[in-house]
>>> print(open('run-v8.cif').read())   # mmCIF, C-alpha atoms, pLDDT in the B column; chains and numbers go by the auth columns
data_start
loop_
_atom_site.group_PDB
_atom_site.id
_atom_site.type_symbol
_atom_site.label_atom_id
_atom_site.label_comp_id
_atom_site.label_asym_id
_atom_site.label_seq_id
_atom_site.Cartn_x
_atom_site.Cartn_y
_atom_site.Cartn_z
_atom_site.B_iso_or_equiv
_atom_site.auth_seq_id
_atom_site.auth_asym_id
ATOM 1 C CA MET A 1 -11.091 11.423 5.930 37.00 151 A
ATOM 2 C CA SER A 2 -8.393 10.143 8.171 36.00 152 A
ATOM 3 C CA SER A 3 -10.704 9.910 11.163 37.00 153 A
ATOM 4 C CA THR A 4 -13.251 8.020 9.089 37.00 154 A
ATOM 5 C CA ASP A 5 -10.618 5.645 7.812 42.00 155 A
ATOM 6 C CA THR A 6 -9.304 5.045 11.314 42.00 156 A
ATOM 7 C CA GLY A 7 -12.827 4.505 12.568 44.00 157 A
ATOM 8 C CA ARG A 8 -13.301 1.635 10.151 54.00 158 A
ATOM 9 C CA ARG A 9 -10.228 -0.240 11.345 71.00 159 A
ATOM 10 C CA THR A 10 -10.552 -3.188 13.660 86.00 160 A
ATOM 11 C CA LEU A 11 -8.262 -3.608 16.641 91.00 161 A
ATOM 12 C CA ALA A 12 -6.408 -6.348 14.763 91.00 162 A
ATOM 13 C CA GLU A 13 -5.790 -3.977 11.860 87.00 163 A
ATOM 14 C CA GLU A 14 -4.427 -1.310 14.201 89.00 164 A
ATOM 15 C CA LEU A 15 -2.062 -3.866 15.713 93.00 165 A
ATOM 16 C CA ARG A 16 -1.030 -5.043 12.255 89.00 166 A
ATOM 17 C CA LEU A 17 -0.171 -1.497 11.195 86.00 167 A
ATOM 18 C CA GLN A 18 1.900 -0.927 14.340 89.00 168 A
ATOM 19 C CA LEU A 19 3.809 -4.196 14.045 92.00 169 A
ATOM 20 C CA ALA A 20 4.266 -3.847 10.282 87.00 170 A
ATOM 21 C CA ASP A 21 5.744 -0.388 10.809 84.00 171 A
ATOM 22 C CA GLU A 22 8.217 -1.758 13.347 86.00 172 A
ATOM 23 C CA ILE A 23 9.217 -4.605 11.031 84.00 173 A
ATOM 24 C CA VAL A 24 9.672 -2.396 7.980 78.00 174 A
ATOM 25 C CA ARG A 25 11.675 0.168 10.009 75.00 175 A
ATOM 26 C CA GLY A 26 13.909 -2.617 11.310 74.00 176 A
ATOM 27 C CA ALA A 27 12.852 -2.162 14.942 82.00 177 A
ATOM 28 C CA LEU A 28 11.773 -5.813 14.875 86.00 178 A
ATOM 29 C CA GLN A 29 14.553 -7.754 13.207 82.00 179 A
ATOM 30 C CA PRO A 30 14.122 -10.933 11.109 83.00 180 A
ATOM 31 C CA GLY A 31 14.047 -13.975 13.348 86.00 181 A
ATOM 32 C CA THR A 32 12.488 -12.125 16.281 91.00 182 A
ATOM 33 C CA ALA A 33 9.825 -14.265 17.943 92.00 183 A
ATOM 34 C CA LEU A 34 6.351 -12.755 18.182 93.00 184 A
ATOM 35 C CA ASP A 35 4.831 -14.110 21.368 92.00 185 A
ATOM 36 C CA GLU A 36 1.065 -13.636 21.472 91.00 186 A
ATOM 37 C CA SER A 37 0.896 -13.295 25.256 93.00 187 A
ATOM 38 C CA GLU A 38 3.738 -10.794 25.375 94.00 188 A
ATOM 39 C CA LEU A 39 2.219 -8.684 22.603 94.00 189 A
ATOM 40 C CA ALA A 40 -1.201 -8.821 24.261 94.00 190 A
ATOM 41 C CA ARG A 41 0.339 -7.448 27.462 93.00 191 A
ATOM 42 C CA ARG A 42 2.298 -4.791 25.593 94.00 192 A
ATOM 43 C CA PHE A 43 -0.769 -3.430 23.778 93.00 193 A
ATOM 44 C CA ASN A 44 -3.191 -4.166 26.635 93.00 194 A
ATOM 45 C CA VAL A 45 -5.478 -6.322 24.488 94.00 195 A
ATOM 46 C CA SER A 46 -6.610 -9.922 24.411 94.00 196 A
ATOM 47 C CA ARG A 47 -4.735 -12.535 22.397 93.00 197 A
ATOM 48 C CA THR A 48 -7.492 -12.750 19.754 94.00 198 A
ATOM 49 C CA PRO A 49 -6.681 -9.484 17.881 94.00 199 A
ATOM 50 C CA VAL A 50 -2.972 -10.229 18.269 94.00 200 A
ATOM 51 C CA ARG A 51 -3.449 -13.622 16.637 92.00 201 A
ATOM 52 C CA GLU A 52 -5.417 -12.042 13.766 93.00 202 A
ATOM 53 C CA ALA A 53 -2.793 -9.307 13.298 92.00 203 A
ATOM 54 C CA ILE A 54 -0.065 -11.949 13.044 93.00 204 A
ATOM 55 C CA ARG A 55 -2.141 -13.850 10.491 89.00 205 A
ATOM 56 C CA GLN A 56 -2.481 -10.700 8.386 86.00 206 A
ATOM 57 C CA LEU A 57 1.249 -9.998 8.659 90.00 207 A
ATOM 58 C CA ALA A 58 1.997 -13.525 7.477 87.00 208 A
ATOM 59 C CA ALA A 59 -0.091 -12.832 4.360 81.00 209 A
ATOM 60 C CA SER A 60 2.214 -9.892 3.577 77.00 210 A
ATOM 61 C CA GLY A 61 5.306 -12.040 4.026 81.00 211 A
ATOM 62 C CA LEU A 62 6.418 -10.039 7.072 87.00 212 A
ATOM 63 C CA VAL A 63 5.899 -12.932 9.473 91.00 213 A
ATOM 64 C CA ASP A 64 6.602 -16.639 9.229 89.00 214 A
ATOM 65 C CA SER A 65 3.835 -18.362 11.180 83.00 215 A
ATOM 66 C CA ARG A 66 3.843 -22.133 11.645 79.00 216 A
ATOM 67 C CA PRO A 67 1.330 -24.248 13.598 76.00 217 A
ATOM 68 C CA HIS A 68 2.588 -25.200 17.063 73.00 218 A
ATOM 69 C CA ARG A 69 5.910 -23.418 16.421 75.00 219 A
ATOM 70 C CA GLY A 70 4.899 -19.792 16.916 84.00 220 A
ATOM 71 C CA ALA A 71 5.553 -16.794 14.673 92.00 221 A
ATOM 72 C CA VAL A 72 8.787 -15.010 13.847 92.00 222 A
ATOM 73 C CA VAL A 73 9.586 -11.868 11.888 91.00 223 A
ATOM 74 C CA ALA A 74 10.430 -12.810 8.307 87.00 224 A
ATOM 75 C CA ARG A 75 12.405 -11.162 5.524 72.00 225 A
ATOM 76 C CA PRO A 76 10.481 -11.202 2.215 75.00 226 A
ATOM 77 C CA SER A 77 12.714 -12.019 -0.718 76.00 227 A
ATOM 78 C CA ASP A 78 13.411 -9.468 -3.444 75.00 228 A
ATOM 79 C CA ALA A 79 11.384 -11.549 -5.886 85.00 229 A
ATOM 80 C CA GLN A 80 8.388 -11.719 -3.522 85.00 230 A
ATOM 81 C CA VAL A 81 8.222 -7.957 -3.019 86.00 231 A
ATOM 82 C CA VAL A 82 8.754 -7.043 -6.662 91.00 232 A
ATOM 83 C CA GLY A 83 6.355 -9.775 -7.787 93.00 233 A
ATOM 84 C CA MET A 84 3.595 -8.400 -5.584 91.00 234 A
ATOM 85 C CA PHE A 85 4.177 -4.894 -6.939 95.00 235 A
ATOM 86 C CA GLU A 86 4.079 -6.174 -10.531 97.00 236 A
ATOM 87 C CA ALA A 87 0.721 -7.829 -9.882 97.00 237 A
ATOM 88 C CA MET A 88 -0.541 -4.735 -8.074 97.00 238 A
ATOM 89 C CA ALA A 89 0.444 -2.501 -11.000 98.00 239 A
ATOM 90 C CA GLU A 90 -1.547 -4.610 -13.442 98.00 240 A
ATOM 91 C CA LEU A 91 -4.611 -4.877 -11.204 98.00 241 A
ATOM 92 C CA GLU A 92 -4.731 -1.160 -10.425 98.00 242 A
ATOM 93 C CA ALA A 93 -4.128 -0.330 -14.082 98.00 243 A
ATOM 94 C CA LEU A 94 -7.181 -2.423 -15.004 98.00 244 A
ATOM 95 C CA CYS A 95 -9.221 -0.552 -12.395 98.00 245 A
ATOM 96 C CA ALA A 96 -8.045 2.822 -13.693 98.00 246 A
ATOM 97 C CA GLY A 97 -8.796 1.871 -17.285 98.00 247 A
ATOM 98 C CA PHE A 98 -12.310 0.729 -16.477 98.00 248 A
ATOM 99 C CA ALA A 99 -12.841 3.802 -14.284 98.00 249 A
ATOM 100 C CA ALA A 100 -11.991 6.049 -17.233 98.00 250 A
ATOM 101 C CA GLU A 101 -14.826 4.415 -19.152 98.00 251 A
ATOM 102 C CA ARG A 102 -17.361 3.706 -16.431 98.00 252 A
ATOM 103 C CA MET A 103 -17.160 6.304 -13.653 98.00 253 A
ATOM 104 C CA THR A 104 -20.330 8.320 -13.161 98.00 254 A
ATOM 105 C CA GLY A 105 -20.227 12.089 -13.035 97.00 255 A
ATOM 106 C CA ALA A 106 -20.641 12.010 -9.252 98.00 256 A
ATOM 107 C CA GLU A 107 -17.793 9.513 -8.900 98.00 257 A
ATOM 108 C CA ARG A 108 -15.504 11.666 -11.043 98.00 258 A
ATOM 109 C CA ARG A 109 -16.248 14.712 -8.905 97.00 259 A
ATOM 110 C CA ALA A 110 -15.597 12.696 -5.749 97.00 260 A
ATOM 111 C CA LEU A 111 -12.250 11.508 -7.142 98.00 261 A
ATOM 112 C CA GLU A 112 -11.297 15.113 -7.899 97.00 262 A
ATOM 113 C CA GLY A 113 -12.241 16.056 -4.341 97.00 263 A
ATOM 114 C CA VAL A 114 -10.057 13.365 -2.778 97.00 264 A
ATOM 115 C CA HIS A 115 -7.203 14.384 -5.079 97.00 265 A
ATOM 116 C CA GLU A 116 -7.541 17.989 -3.887 97.00 266 A
ATOM 117 C CA ASP A 117 -7.548 16.825 -0.260 96.00 267 A
ATOM 118 C CA LEU A 118 -4.303 14.948 -0.892 96.00 268 A
ATOM 119 C CA GLY A 119 -2.784 18.142 -2.293 96.00 269 A
ATOM 120 C CA ALA A 120 -3.584 19.924 0.972 95.00 270 A
ATOM 121 C CA LEU A 121 -1.934 17.099 2.932 95.00 271 A
ATOM 122 C CA VAL A 122 1.207 17.411 0.798 94.00 272 A
ATOM 123 C CA ARG A 123 1.487 21.001 1.963 92.00 273 A
ATOM 124 C CA LEU A 124 1.034 19.885 5.576 93.00 274 A
ATOM 125 C CA GLY A 125 3.755 17.240 5.145 89.00 275 A
ATOM 126 C CA ASP A 126 1.940 14.569 7.181 87.00 276 A
ATOM 127 C CA PRO A 127 2.849 11.068 5.863 87.00 277 A
ATOM 128 C CA GLN A 128 0.336 9.210 8.043 85.00 278 A
ATOM 129 C CA ARG A 129 -2.651 11.341 7.073 90.00 279 A
ATOM 130 C CA PHE A 130 -1.522 11.266 3.444 91.00 280 A
ATOM 131 C CA HIS A 131 -1.390 7.460 3.613 88.00 281 A
ATOM 132 C CA GLU A 132 -4.934 7.336 4.976 90.00 282 A
ATOM 133 C CA ALA A 133 -6.267 9.701 2.312 94.00 283 A
ATOM 134 C CA ASN A 134 -4.307 7.780 -0.306 95.00 284 A
ATOM 135 C CA GLU A 135 -6.264 4.659 0.648 94.00 285 A
ATOM 136 C CA VAL A 136 -9.481 6.579 -0.059 96.00 286 A
ATOM 137 C CA PHE A 137 -8.127 7.785 -3.410 97.00 287 A
ATOM 138 C CA HIS A 138 -7.231 4.316 -4.658 97.00 288 A
ATOM 139 C CA GLY A 139 -10.485 2.927 -3.264 97.00 289 A
ATOM 140 C CA ALA A 140 -12.397 5.485 -5.339 98.00 290 A
ATOM 141 C CA VAL A 141 -10.619 4.265 -8.481 98.00 291 A
ATOM 142 C CA TYR A 142 -11.431 0.636 -7.646 98.00 292 A
ATOM 143 C CA ALA A 143 -15.098 1.461 -7.064 98.00 293 A
ATOM 144 C CA GLY A 144 -15.206 3.475 -10.275 98.00 294 A
ATOM 145 C CA ALA A 145 -14.207 0.389 -12.262 98.00 295 A
ATOM 146 C CA HIS A 146 -17.652 -1.089 -11.506 98.00 296 A
ATOM 147 C CA ASN A 147 -16.289 -4.624 -11.463 98.00 297 A
ATOM 148 C CA ALA A 148 -16.864 -6.264 -8.094 97.00 298 A
ATOM 149 C CA TYR A 149 -14.555 -9.225 -8.677 98.00 299 A
ATOM 150 C CA LEU A 150 -11.690 -7.052 -9.877 98.00 300 A
ATOM 151 C CA THR A 151 -12.161 -4.791 -6.857 97.00 301 A
ATOM 152 C CA GLU A 152 -12.102 -7.794 -4.518 96.00 302 A
ATOM 153 C CA ILE A 153 -8.787 -9.188 -5.758 96.00 303 A
ATOM 154 C CA THR A 154 -7.234 -5.719 -6.024 97.00 304 A
ATOM 155 C CA VAL A 155 -8.122 -4.883 -2.425 93.00 305 A
ATOM 156 C CA ALA A 156 -6.737 -8.249 -1.272 89.00 306 A
ATOM 157 C CA THR A 157 -3.442 -7.666 -3.074 91.00 307 A
ATOM 158 C CA ARG A 158 -3.250 -4.117 -1.773 90.00 308 A
ATOM 159 C CA ALA A 159 -3.659 -5.377 1.790 84.00 309 A
ATOM 160 C CA ARG A 160 -0.605 -7.603 1.350 83.00 310 A
ATOM 161 C CA LEU A 161 1.465 -4.688 0.055 86.00 311 A
ATOM 162 C CA GLN A 162 0.186 -2.062 2.474 84.00 312 A
ATOM 163 C CA PRO A 163 3.215 -2.053 4.830 83.00 313 A
ATOM 164 C CA PHE A 164 5.591 -1.493 1.914 84.00 314 A
ATOM 165 C CA ARG A 165 3.438 1.186 0.304 87.00 315 A
ATOM 166 C CA ARG A 166 3.010 2.992 3.603 85.00 316 A
ATOM 167 C CA ALA A 167 6.735 3.041 4.380 84.00 317 A
ATOM 168 C CA GLN A 168 7.776 4.810 1.171 88.00 318 A
ATOM 169 C CA PHE A 169 5.826 7.933 2.131 87.00 319 A
ATOM 170 C CA ARG A 170 8.652 8.682 4.585 85.00 320 A
ATOM 171 C CA ASN A 171 11.062 9.365 1.724 88.00 321 A
ATOM 172 C CA LEU A 172 12.012 13.015 1.321 86.00 322 A
ATOM 173 C CA GLY A 173 9.708 14.701 -1.189 92.00 323 A
ATOM 174 C CA ARG A 174 7.678 11.550 -1.799 93.00 324 A
ATOM 175 C CA LEU A 175 4.279 13.039 -0.923 94.00 325 A
ATOM 176 C CA ALA A 176 4.536 15.693 -3.632 95.00 326 A
ATOM 177 C CA LYS A 177 5.788 13.167 -6.185 96.00 327 A
ATOM 178 C CA SER A 178 2.963 10.759 -5.365 96.00 328 A
ATOM 179 C CA HIS A 179 0.419 13.541 -5.763 97.00 329 A
ATOM 180 C CA ALA A 180 1.873 14.433 -9.166 97.00 330 A
ATOM 181 C CA GLU A 181 1.607 10.779 -10.223 97.00 331 A
ATOM 182 C CA HIS A 182 -2.002 10.728 -9.048 97.00 332 A
ATOM 183 C CA ASP A 183 -2.656 13.857 -11.076 98.00 333 A
ATOM 184 C CA ARG A 184 -1.764 12.039 -14.301 98.00 334 A
ATOM 185 C CA VAL A 185 -4.137 9.216 -13.340 98.00 335 A
ATOM 186 C CA VAL A 186 -6.962 11.622 -12.481 98.00 336 A
ATOM 187 C CA ARG A 187 -6.567 13.657 -15.675 98.00 337 A
ATOM 188 C CA ALA A 188 -6.708 10.526 -17.832 98.00 338 A
ATOM 189 C CA ILE A 189 -9.797 9.214 -16.022 98.00 339 A
ATOM 190 C CA LEU A 190 -11.612 12.553 -16.249 98.00 340 A
ATOM 191 C CA ARG A 191 -11.052 12.805 -19.997 97.00 341 A
ATOM 192 C CA GLY A 192 -12.165 9.190 -20.490 98.00 342 A
ATOM 193 C CA ASP A 193 -8.750 8.086 -21.730 98.00 343 A
ATOM 194 C CA ARG A 194 -8.569 4.388 -20.897 98.00 344 A
ATOM 195 C CA ASP A 195 -5.079 3.790 -22.303 98.00 345 A
ATOM 196 C CA GLY A 196 -3.719 6.907 -20.602 98.00 346 A
ATOM 197 C CA ALA A 197 -5.213 5.884 -17.258 98.00 347 A
ATOM 198 C CA VAL A 198 -3.750 2.385 -17.561 98.00 348 A
ATOM 199 C CA LYS A 199 -0.247 3.678 -18.325 98.00 349 A
ATOM 200 C CA ALA A 200 -0.373 6.355 -15.642 98.00 350 A
ATOM 201 C CA MET A 201 -1.455 3.898 -12.947 98.00 351 A
ATOM 202 C CA GLN A 202 1.106 1.274 -13.980 98.00 352 A
ATOM 203 C CA ALA A 203 3.850 3.881 -13.821 97.00 353 A
ATOM 204 C CA HIS A 204 2.630 5.105 -10.430 97.00 354 A
ATOM 205 C CA ILE A 205 2.621 1.683 -8.786 97.00 355 A
ATOM 206 C CA MET A 206 6.038 0.709 -10.145 96.00 356 A
ATOM 207 C CA THR A 207 7.396 4.031 -8.907 95.00 357 A
ATOM 208 C CA VAL A 208 6.009 3.121 -5.477 94.00 358 A
ATOM 209 C CA CYS A 209 7.997 -0.125 -5.739 92.00 359 A
ATOM 210 C CA GLU A 210 11.177 1.803 -6.530 92.00 360 A
ATOM 211 C CA GLU A 211 10.533 4.309 -3.746 91.00 361 A
ATOM 212 C CA TYR A 212 10.084 1.470 -1.281 88.00 362 A
ATOM 213 C CA GLY A 213 13.419 0.095 -2.471 87.00 363 A
ATOM 214 C CA VAL A 214 15.015 3.470 -1.703 87.00 364 A
ATOM 215 C CA TYR A 215 13.429 3.536 1.749 85.00 365 A
ATOM 216 C CA ALA A 216 14.515 -0.017 2.554 81.00 366 A
ATOM 217 C CA ASP A 217 18.023 0.472 1.163 80.00 367 A
ATOM 218 C CA THR A 218 18.695 3.406 3.490 77.00 368 A
ATOM 219 C CA ARG A 219 17.787 1.166 6.437 70.00 369 A
ATOM 220 C CA GLY A 220 19.340 -2.062 5.225 63.00 370 A
ATOM 221 C CA VAL A 221 16.090 -4.030 5.499 58.00 371 A
ATOM 222 C CA LEU A 222 13.730 -5.706 3.046 50.00 372 A
ATOM 223 C CA THR A 223 15.469 -4.334 -0.024 43.00 373 A
ATOM 224 C CA PRO A 224 14.259 -5.252 -3.517 41.00 374 A
ATOM 225 C CA GLU A 225 17.191 -5.680 -5.904 44.00 375 A
ATOM 226 C CA PRO A 226 17.709 -2.487 -7.946 41.00 376 A
ATOM 227 C CA SER A 227 18.196 -4.537 -11.102 38.00 377 A
ATOM 228 C CA LEU A 228 14.804 -6.182 -10.691 40.00 378 A
ATOM 229 C CA SER A 229 13.176 -2.848 -9.981 43.00 379 A
ATOM 230 C CA ARG A 230 14.682 -1.288 -13.089 42.00 380 A
ATOM 231 C CA GLU A 231 13.556 -4.203 -15.236 45.00 381 A
ATOM 232 C CA THR A 232 9.979 -3.961 -14.033 45.00 382 A
ATOM 233 C CA ARG A 233 10.106 -0.196 -14.523 42.00 383 A
ATOM 234 C CA ALA A 234 11.181 -0.703 -18.135 44.00 384 A
ATOM 235 C CA THR A 235 8.143 -2.941 -18.610 48.00 385 A
ATOM 236 C CA HIS A 236 5.869 -0.102 -17.481 49.00 386 A
ATOM 237 C CA PRO A 237 7.344 3.138 -18.886 47.00 387 A
ATOM 238 C CA THR A 238 6.159 6.468 -17.603 42.00 388 A
ATOM 239 C CA PRO A 239 3.573 7.931 -19.960 43.00 389 A
#
>>> encode(input="run-v8.cif", output="structure tokens")
Amino acid sequence: MSSTDTGRRTLAEELRLQLADEIVRGALQPGTALDESELARRFNVSRTPVREAIRQLAASGLVDSRPHRGAVVARPSDAQVVGMFEAMAELEALCAGFAAERMTGAERRALEGVHEDLGALVRLGDPQRFHEANEVFHGAVYAGAHNAYLTEITVATRARLQPFRRAQFRNLGRLAKSHAEHDRVVRAILRGDRDGAVKAMQAHIMTVCEEYGVYADTRGVLTPEPSLSRETRATHPTP
């Protein structure tokens, strides 16, 4: 799955992932200028994919890009990060709830298969491959909702949060915990339990928010306030 996922990425997306990783890890500090020509030379590409990657990073709040003034690494506020996760939790919960009602038999079997693949990747302990398979898992839930508009806005929101979601997989033991959270979502969908699927997905996404806070706190970058995280967690209790 990982090779297929990678094969779908454009050059701009590959650059975005690389730069987002460096920003989230703190290798590129807030205020650092992102010069298109310099980045093009560094990655041996033209300026066009670099420009698109910077545009995508700006949508995630990782870059402040202003016309005629260039782009600099930004520091998303606590409220911005938590707010995006709150919206993501609600959108994915809607998808999971609809999927519990609308998924075909073939789609349910495919979801089970992806879930099993993720279990194998937990045992391998490979965060990058787990992240790639995780994208397939969530995509299967979106598709299973059979609501094109909901899928469109969920995918768009997910793209903005991708750097933060990807980073938290580096936390010790996070892969196994994520897989266990997925298991509750899968079980609810397979038994056609809309309310259970909604609650399980909400809890999963808000846990991702908290795990990102842990990751960022250990590195002193992009840290959501613990108080905000706890409040949002209380809004979406674990089922």
>>> resolve_selection(input="run-v8.cif", expression="the PyMOL selection byres ((chain A and resi 307) around 12)", output="list in words")
Gln206, Ala209, Ser210, Val231, Gly233, Met234, Phe235, Glu236, Ala237, Met238, Ala239, Glu240, Leu241, Glu242, Leu300, Thr301, Glu302, Ile303, Thr304, Val305, Ala306, Arg308, Ala309, Arg310, Leu311, Gln312, Pro313 and Arg315 of chain A
>>> closest_residue(input="run-v8.cif", among="A:Arg159, A:His265, A:Arg252, A:Lys327", to="Asp343 in chain A", atoms="all atoms listed in the file")
A:Arg252
>>> resolve_selection(input="run-v8.cif", expression="the PyMOL selection byres ((chain A and resi 220) around 10)", output="VMD selection string")
chain A and resid 183 to 186 214 to 219 221 to 222
>>> residues_around(input="run-v8.cif", residues="Gly346 in chain A", least_positions_apart="4", cutoff="8 Å", atoms="only C-alpha atoms", output="list in words")
Gly247, Val335, Ala338, Ile339, Ala350 and Pro389 of chain A
>>> axis_aligned_box(input="run-v8.cif", around="range 173-191 of chain A", padding_each_side="8 Å", output="AutoDock Vina command-line options")
--center_x 6.7 --center_y -7.0 --center_z 17.7 --size_x 31.8 --size_y 30.4 --size_z 35.5
>>> atom_distance(input="run-v8.cif", atom1="CA of Ala190 in chain A", atom2="CA of Ile204 in chain A")
11.7 Å
>>> atom_distance(input="run-v8.cif", atom1="CA of Thr254 in chain A", atom2="CA of Leu268 in chain A")
21.2 Å
>>> residues_around(input="run-v8.cif", residues="range 194-202 of chain A", least_positions_apart="5", cutoff="8 Å", atoms="all atoms listed in the file", output="list of chain:residue names")
A:Leu161, A:Ala162, A:Leu165, A:Glu186, A:Ser187, A:Leu189
>>> resolve_selection(input="run-v8.cif", expression="the PyMOL selection byres ((chain A and resi 314) around 12)", output="VMD selection string")
chain A and resid 167 170 to 175 207 210 to 212 226 230 to 232 234 to 235 281 308 to 313 315 to 320 355 358 to 366 371 to 374
>>> write_last_selection(input="run-v8.cif", atoms="C-alpha atoms", output="PDB file, keeping the file's coordinate frame")
ATOM      1  CA  LEU A 167      -0.171  -1.497  11.195  1.00 86.00           C
ATOM      2  CA  ALA A 170       4.266  -3.847  10.282  1.00 87.00           C
ATOM      3  CA  ASP A 171       5.744  -0.388  10.809  1.00 84.00           C
ATOM      4  CA  GLU A 172       8.217  -1.758  13.347  1.00 86.00           C
ATOM      5  CA  ILE A 173       9.217  -4.605  11.031  1.00 84.00           C
ATOM      6  CA  VAL A 174       9.672  -2.396   7.980  1.00 78.00           C
ATOM      7  CA  ARG A 175      11.675   0.168  10.009  1.00 75.00           C
ATOM      8  CA  LEU A 207       1.249  -9.998   8.659  1.00 90.00           C
ATOM      9  CA  SER A 210       2.214  -9.892   3.577  1.00 77.00           C
ATOM     10  CA  GLY A 211       5.306 -12.040   4.026  1.00 81.00           C
ATOM     11  CA  LEU A 212       6.418 -10.039   7.072  1.00 87.00           C
ATOM     12  CA  PRO A 226      10.481 -11.202   2.215  1.00 75.00           C
ATOM     13  CA  GLN A 230       8.388 -11.719  -3.522  1.00 85.00           C
ATOM     14  CA  VAL A 231       8.222  -7.957  -3.019  1.00 86.00           C
ATOM     15  CA  VAL A 232       8.754  -7.043  -6.662  1.00 91.00           C
ATOM     16  CA  MET A 234       3.595  -8.400  -5.584  1.00 91.00           C
ATOM     17  CA  PHE A 235       4.177  -4.894  -6.939  1.00 95.00           C
ATOM     18  CA  HIS A 281      -1.390   7.460   3.613  1.00 88.00           C
ATOM     19  CA  ARG A 308      -3.250  -4.117  -1.773  1.00 90.00           C
ATOM     20  CA  ALA A 309      -3.659  -5.377   1.790  1.00 84.00           C
ATOM     21  CA  ARG A 310      -0.605  -7.603   1.350  1.00 83.00           C
ATOM     22  CA  LEU A 311       1.465  -4.688   0.055  1.00 86.00           C
ATOM     23  CA  GLN A 312       0.186  -2.062   2.474  1.00 84.00           C
ATOM     24  CA  PRO A 313       3.215  -2.053   4.830  1.00 83.00           C
ATOM     25  CA  ARG A 315       3.438   1.186   0.304  1.00 87.00           C
ATOM     26  CA  ARG A 316       3.010   2.992   3.603  1.00 85.00           C
ATOM     27  CA  ALA A 317       6.735   3.041   4.380  1.00 84.00           C
ATOM     28  CA  GLN A 318       7.776   4.810   1.171  1.00 88.00           C
ATOM     29  CA  PHE A 319       5.826   7.933   2.131  1.00 87.00           C
ATOM     30  CA  ARG A 320       8.652   8.682   4.585  1.00 85.00           C
ATOM     31  CA  ILE A 355       2.621   1.683  -8.786  1.00 97.00           C
ATOM     32  CA  VAL A 358       6.009   3.121  -5.477  1.00 94.00           C
ATOM     33  CA  CYS A 359       7.997  -0.125  -5.739  1.00 92.00           C
ATOM     34  CA  GLU A 360      11.177   1.803  -6.530  1.00 92.00           C
ATOM     35  CA  GLU A 361      10.533   4.309  -3.746  1.00 91.00           C
ATOM     36  CA  TYR A 362      10.084   1.470  -1.281  1.00 88.00           C
ATOM     37  CA  GLY A 363      13.419   0.095  -2.471  1.00 87.00           C
ATOM     38  CA  VAL A 364      15.015   3.470  -1.703  1.00 87.00           C
ATOM     39  CA  TYR A 365      13.429   3.536   1.749  1.00 85.00           C
ATOM     40  CA  ALA A 366      14.515  -0.017   2.554  1.00 81.00           C
ATOM     41  CA  VAL A 371      16.090  -4.030   5.499  1.00 58.00           C
ATOM     42  CA  LEU A 372      13.730  -5.706   3.046  1.00 50.00           C
ATOM     43  CA  THR A 373      15.469  -4.334  -0.024  1.00 43.00           C
ATOM     44  CA  PRO A 374      14.259  -5.252  -3.517  1.00 41.00           C
TER      45      PRO A 374
END
>>> closest_residue(input="run-v8.cif", among="A:Leu169, A:Ala270, A:Ala298, A:Met351", to="Val213 in chain A", atoms="only C-alpha atoms")
A:Leu169
>>> build_atoms(input="run-v8.cif", residues="range 174-185 of chain A", atoms="N, CA and C atoms", output="PDB file, in the coordinates of the input")
ATOM      1  N   VAL A 174       9.131  -3.081   9.152  1.00 78.00           N
ATOM      2  CA  VAL A 174       9.672  -2.396   7.980  1.00 78.00           C
ATOM      3  C   VAL A 174      10.772  -1.408   8.373  1.00 78.00           C
ATOM      4  N   ARG A 175      10.642  -0.757   9.538  1.00 75.00           N
ATOM      5  CA  ARG A 175      11.675   0.168  10.009  1.00 75.00           C
ATOM      6  C   ARG A 175      12.905  -0.557  10.538  1.00 75.00           C
ATOM      7  N   GLY A 176      12.783  -1.865  10.778  1.00 74.00           N
ATOM      8  CA  GLY A 176      13.909  -2.617  11.310  1.00 74.00           C
ATOM      9  C   GLY A 176      13.946  -2.672  12.827  1.00 74.00           C
ATOM     10  N   ALA A 177      12.904  -2.107  13.482  1.00 82.00           N
ATOM     11  CA  ALA A 177      12.852  -2.162  14.942  1.00 82.00           C
ATOM     12  C   ALA A 177      12.658  -3.596  15.418  1.00 82.00           C
ATOM     13  N   LEU A 178      11.914  -4.378  14.629  1.00 86.00           N
ATOM     14  CA  LEU A 178      11.773  -5.813  14.875  1.00 86.00           C
ATOM     15  C   LEU A 178      12.561  -6.534  13.788  1.00 86.00           C
ATOM     16  N   GLN A 179      13.650  -7.137  14.160  1.00 82.00           N
ATOM     17  CA  GLN A 179      14.553  -7.754  13.207  1.00 82.00           C
ATOM     18  C   GLN A 179      14.066  -9.134  12.761  1.00 82.00           C
ATOM     19  N   PRO A 180      14.461  -9.574  11.553  1.00 83.00           N
ATOM     20  CA  PRO A 180      14.122 -10.933  11.109  1.00 83.00           C
ATOM     21  C   PRO A 180      14.585 -11.977  12.121  1.00 83.00           C
ATOM     22  N   GLY A 181      13.731 -12.938  12.381  1.00 86.00           N
ATOM     23  CA  GLY A 181      14.047 -13.975  13.348  1.00 86.00           C
ATOM     24  C   GLY A 181      13.512 -13.701  14.736  1.00 86.00           C
ATOM     25  N   THR A 182      13.052 -12.469  14.975  1.00 91.00           N
ATOM     26  CA  THR A 182      12.488 -12.125  16.281  1.00 91.00           C
ATOM     27  C   THR A 182      11.175 -12.868  16.503  1.00 91.00           C
ATOM     28  N   ALA A 183      11.055 -13.540  17.632  1.00 92.00           N
ATOM     29  CA  ALA A 183       9.825 -14.265  17.943  1.00 92.00           C
ATOM     30  C   ALA A 183       8.720 -13.293  18.319  1.00 92.00           C
ATOM     31  N   LEU A 184       7.514 -13.570  17.847  1.00 93.00           N
ATOM     32  CA  LEU A 184       6.351 -12.755  18.182  1.00 93.00           C
ATOM     33  C   LEU A 184       5.454 -13.585  19.093  1.00 93.00           C
ATOM     34  N   ASP A 185       5.590 -13.363  20.376  1.00 92.00           N
ATOM     35  CA  ASP A 185       4.831 -14.110  21.368  1.00 92.00           C
ATOM     36  C   ASP A 185       3.475 -13.447  21.581  1.00 92.00           C
TER      37      ASP A 185
END
